[in-house]
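Written below as structure tokens is the structure these notes are about.
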Amino acid sequence: MTTASSPATVVGRTARGGAVRVGARMGFMARGVLYLLVGALAVRIGLTGTGEQADRGGALAEVAGTPFGAVLLWALGLGLAGMALWRLSEAVFGAAGPEGDGAGKRAMSGARCVFYGVSSFLVFSFAVGAGGSGAGSSDRQSRDVTGRLLALPGGQWWVGAAAVGFAAAGLWMAGSAVARRYRKHLEWGRMSRGARLFMDSTGIAGGVGRGLVFAAAGWFGVRAAYTFDPAEAKGMDDTIRSFAQTPAGPWLLVAVAVGLVLFGVFSFGQAKWREV
């Protein structure tokens, strides 16, 4: 027996169709490019000690230095804008899948919409020259934001709470990757054995590498709150470099960097096989 779809269901399907789905897949491609470049820069830092910048600014500078760099920058910005639009549709109408209509899922999609919307704006700003060279951007921004928050009433608690949330998110990313929770979002049934192996290999290693970077950044934020010193806060570049200061030395930095490269490759796979 078939039942008529509700108006909300019809609107939701329409919102997730056509251009929004294309935008989502473009967004995964754009995210993949950025993580691939950041990871490659971090590998070079670990192996050679170069002063290159392993964060979004460094990745965009690499893109800008290629033939047709300006076109590629605009393509990345549009891809991230497409990702933001897709997450917005999930926040408003619910995500694909049986659990996609929950309040928690909608809130998470809303937060991701804001994140990718801001990321898209920053890429466009870089493309038109407002971003300058991008040198030191993530580290400087982290210190500036932390300093402003610390200056507020109860600022230490605000910074501490945000940092703990960041660290917890990183651990959740790593744990989810090891548990292979990403599989439920993929069109697993129509994927070949080779495709499944590809996504498991890149998804686990990439998710752990990405999660470690987020968790470490959160740890430095906790230190900034505890010491009331914004200089303790670190952006992606300084966070990645900090892995070389551990007993494992530069090899841990290289391992984490390879994980970021693999997460970029995993994102390319999501562009093809993710349910959107």
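Residues are named by chain letter and number: chains run A, B, ... in the order of the structure tokens, numbers start at 1 in each chain, and ligands are numbered from 1 in the order shown.
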List as an NGL selection string the protein and nucleic acid residues near Tyr182 of chain A, meaning an atom at most 10 Å away when only C-alpha atoms are counted, but skip any in the same chain fewer than 2 places from it.
:A and (176-180 or 184-186 or 199-200 or 203-204 or 207 or 270 or 274)
Could you dump the residues just selected with all heavy atoms as a tab-separated table (two decimals), in the first residue's frame?
```tsv
chain	number	residue	atom	x	y	z
A	176	SER	N	34.93	8.05	15.56
A	176	SER	CA	33.96	7.71	14.52
A	176	SER	C	34.63	7.08	13.32
A	176	SER	O	34.08	6.17	12.68
A	176	SER	CB	33.19	8.97	14.09
A	176	SER	OG	32.40	9.47	15.14
A	177	ALA	N	35.83	7.58	12.98
A	177	ALA	CA	36.56	7.02	11.85
A	177	ALA	C	36.97	5.58	12.14
A	177	ALA	O	36.81	4.70	11.29
A	177	ALA	CB	37.80	7.87	11.56
A	178	VAL	N	37.49	5.34	13.34
A	178	VAL	CA	37.90	3.98	13.70
A	178	VAL	C	36.69	3.04	13.71
A	178	VAL	O	36.78	1.88	13.29
A	178	VAL	CB	38.61	3.97	15.07
A	178	VAL	CG1	38.87	2.55	15.55
A	178	VAL	CG2	39.92	4.76	15.00
A	179	ALA	N	35.55	3.53	14.18
A	179	ALA	CA	34.32	2.72	14.22
A	179	ALA	C	33.64	2.63	12.86
A	179	ALA	O	32.62	1.94	12.72
A	179	ALA	CB	33.36	3.31	15.24
A	180	ARG	N	34.17	3.35	11.86
A	180	ARG	CA	33.64	3.33	10.50
A	180	ARG	C	32.19	3.80	10.42
A	180	ARG	O	31.38	3.28	9.65
A	180	ARG	CB	33.77	1.93	9.89
A	180	ARG	CG	35.20	1.43	9.84
A	180	ARG	CD	35.28	-0.01	9.40
A	180	ARG	NE	36.67	-0.49	9.50
A	180	ARG	CZ	37.03	-1.75	9.30
A	180	ARG	NH1	36.12	-2.66	9.00
A	180	ARG	NH2	38.30	-2.11	9.39
A	184	LYS	N	27.53	4.55	7.09
A	184	LYS	CA	26.07	4.70	7.03
A	184	LYS	C	25.66	5.88	6.16
A	184	LYS	O	24.48	5.99	5.79
A	184	LYS	CB	25.49	4.85	8.43
A	184	LYS	CG	25.91	6.12	9.16
A	184	LYS	CD	25.33	6.15	10.58
A	184	LYS	CE	25.74	7.42	11.32
A	184	LYS	NZ	25.20	7.45	12.70
A	185	HIS	N	26.60	6.77	5.85
A	185	HIS	CA	26.29	7.92	5.00
A	185	HIS	C	26.64	7.67	3.54
A	185	HIS	O	26.41	8.54	2.70
A	185	HIS	CB	27.05	9.16	5.50
A	185	HIS	CG	26.70	9.57	6.89
A	185	HIS	ND1	25.43	9.95	7.26
A	185	HIS	CD2	27.46	9.64	8.02
A	185	HIS	CE1	25.41	10.24	8.55
A	185	HIS	NE2	26.63	10.06	9.03
A	186	LEU	N	27.24	6.51	3.25
A	186	LEU	CA	27.66	6.21	1.89
A	186	LEU	C	26.65	5.29	1.21
A	186	LEU	O	25.89	4.58	1.87
A	186	LEU	CB	29.03	5.53	1.90
A	186	LEU	CG	30.19	6.32	2.52
A	186	LEU	CD1	31.45	5.46	2.57
A	186	LEU	CD2	30.45	7.60	1.73
A	199	MET	N	37.55	3.47	0.54
A	199	MET	CA	36.93	4.38	1.50
A	199	MET	C	37.29	4.01	2.92
A	199	MET	O	37.46	4.90	3.78
A	199	MET	CB	35.42	4.39	1.30
A	199	MET	CG	34.97	5.02	-0.01
A	199	MET	SD	35.54	6.73	-0.22
A	199	MET	CE	34.38	7.59	0.85
A	200	ASP	N	37.41	2.74	3.23
A	200	ASP	CA	37.82	2.34	4.58
A	200	ASP	C	39.25	2.76	4.86
A	200	ASP	O	39.57	3.26	5.94
A	200	ASP	CB	37.67	0.82	4.76
A	200	ASP	CG	36.26	0.41	5.16
A	200	ASP	OD1	35.50	1.28	5.62
A	200	ASP	OD2	35.93	-0.78	5.02
A	203	GLY	N	39.28	6.61	4.89
A	203	GLY	CA	38.38	7.14	5.91
A	203	GLY	C	38.91	6.98	7.31
A	203	GLY	O	38.83	7.90	8.14
A	204	ILE	N	39.47	5.81	7.61
A	204	ILE	CA	39.99	5.58	8.96
A	204	ILE	C	41.23	6.42	9.22
A	204	ILE	O	41.31	7.18	10.18
A	204	ILE	CB	40.29	4.09	9.17
A	204	ILE	CG1	38.98	3.28	9.13
A	204	ILE	CG2	40.99	3.87	10.51
A	204	ILE	CD1	39.20	1.78	9.14
A	207	GLY	N	40.38	10.21	8.98
A	207	GLY	CA	39.59	10.68	10.10
A	207	GLY	C	40.39	10.78	11.39
A	207	GLY	O	40.22	11.73	12.17
A	270	GLN	N	33.82	10.76	-1.01
A	270	GLN	CA	32.49	11.18	-0.56
A	270	GLN	C	31.74	11.95	-1.65
A	270	GLN	O	30.51	11.86	-1.74
A	270	GLN	CB	32.62	12.05	0.68
A	270	GLN	CG	32.96	11.27	1.95
A	270	GLN	CD	32.97	12.18	3.16
A	270	GLN	OE1	33.74	13.14	3.23
A	270	GLN	NE2	32.15	11.86	4.13
A	274	ARG	N	28.75	9.63	-1.36
A	274	ARG	CA	27.99	10.09	-0.21
A	274	ARG	C	26.51	10.24	-0.59
A	274	ARG	O	26.16	10.73	-1.67
A	274	ARG	CB	28.55	11.44	0.26
A	274	ARG	CG	27.70	12.18	1.29
A	274	ARG	CD	27.87	11.64	2.69
A	274	ARG	NE	26.92	12.25	3.58
A	274	ARG	CZ	27.22	12.71	4.80
A	274	ARG	NH1	28.47	12.62	5.24
A	274	ARG	NH2	26.31	13.24	5.57
```
Please report as CSV every residue of segment 114-177 of chain A lying within 12 Å of segment 25-31 of chain A, along with the nearest atom pair and their distance in Å (one decimal), using only C-alpha atoms.
```
residue,atom,partner,partner_atom,distance
A:Tyr116,CA,A:Gly27,CA,8.8
A:Gly117,CA,A:Gly27,CA,10.9
A:Ser119,CA,A:Arg31,CA,10.0
A:Ser120,CA,A:Gly27,CA,9.8
A:Val123,CA,A:Ala30,CA,10.8
```
Could the residues in this selection be saved with C-alpha atoms as a JSON list (two decimals), in the first residue's frame?
```json
[["chain", "number", "residue", "atom", "x", "y", "z"],
["A", 116, "TYR", "CA", 31.24, 26.32, 5.41],
["A", 117, "GLY", "CA", 29.56, 29.64, 4.72],
["A", 119, "SER", "CA", 34.97, 29.31, 4.85],
["A", 120, "SER", "CA", 33.49, 30.17, 1.46],
["A", 123, "VAL", "CA", 38.14, 31.94, 0.11]]
```
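The residue set within 7 Å of Val208 of chain A, counting only C-alpha atoms and dropping same-chain residues fewer than 5 places from it, reads Met173, Ala174, Ala177 and Gly259 of chain A.
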With N, CA and C atoms retained, export the selected residues as a compact mmCIF listing (two decimals), in the first residue's frame.
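Generated output (selection_3.txt):
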```txt
# COMPACT_ATOMS: atom_id res chain seq x y z
N MET A 173 35.69 12.70 16.13
CA MET A 173 36.04 12.45 14.73
C MET A 173 36.93 11.21 14.60
N ALA A 174 37.97 11.16 15.44
CA ALA A 174 38.88 10.02 15.37
C ALA A 174 38.17 8.72 15.73
N ALA A 177 35.83 7.58 12.98
CA ALA A 177 36.56 7.02 11.85
C ALA A 177 36.97 5.58 12.14
N GLY A 259 47.79 11.67 7.26
CA GLY A 259 46.39 11.49 7.57
C GLY A 259 45.52 12.58 6.97
```
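Across the structure, atom CA of Ala248 of chain A and atom CA of Ser142 of chain A are spaced 25.9 Å apart.
Picture a line from atom CA of Leu149 of chain A to atom CA of Thr239 of chain A; it runs 19.9 Å.
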Worksheet entry | Contact residues around segment 252-257 of chain A with only C-alpha atoms at 7 Å, ignoring same-chain residues under 3 positions, as a VMD selection string | chain A and resid 39 to 40 42 to 43 46 209 240 to 241 243 to 244 248 to 249 260 to 261
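Near Val114 of chain A, within 9 Å and counting only C-alpha atoms, sit Ala84, Arg87, Leu88, Ser109 and Ser119 of chain A; same-chain residues fewer than 5 positions away were not included.
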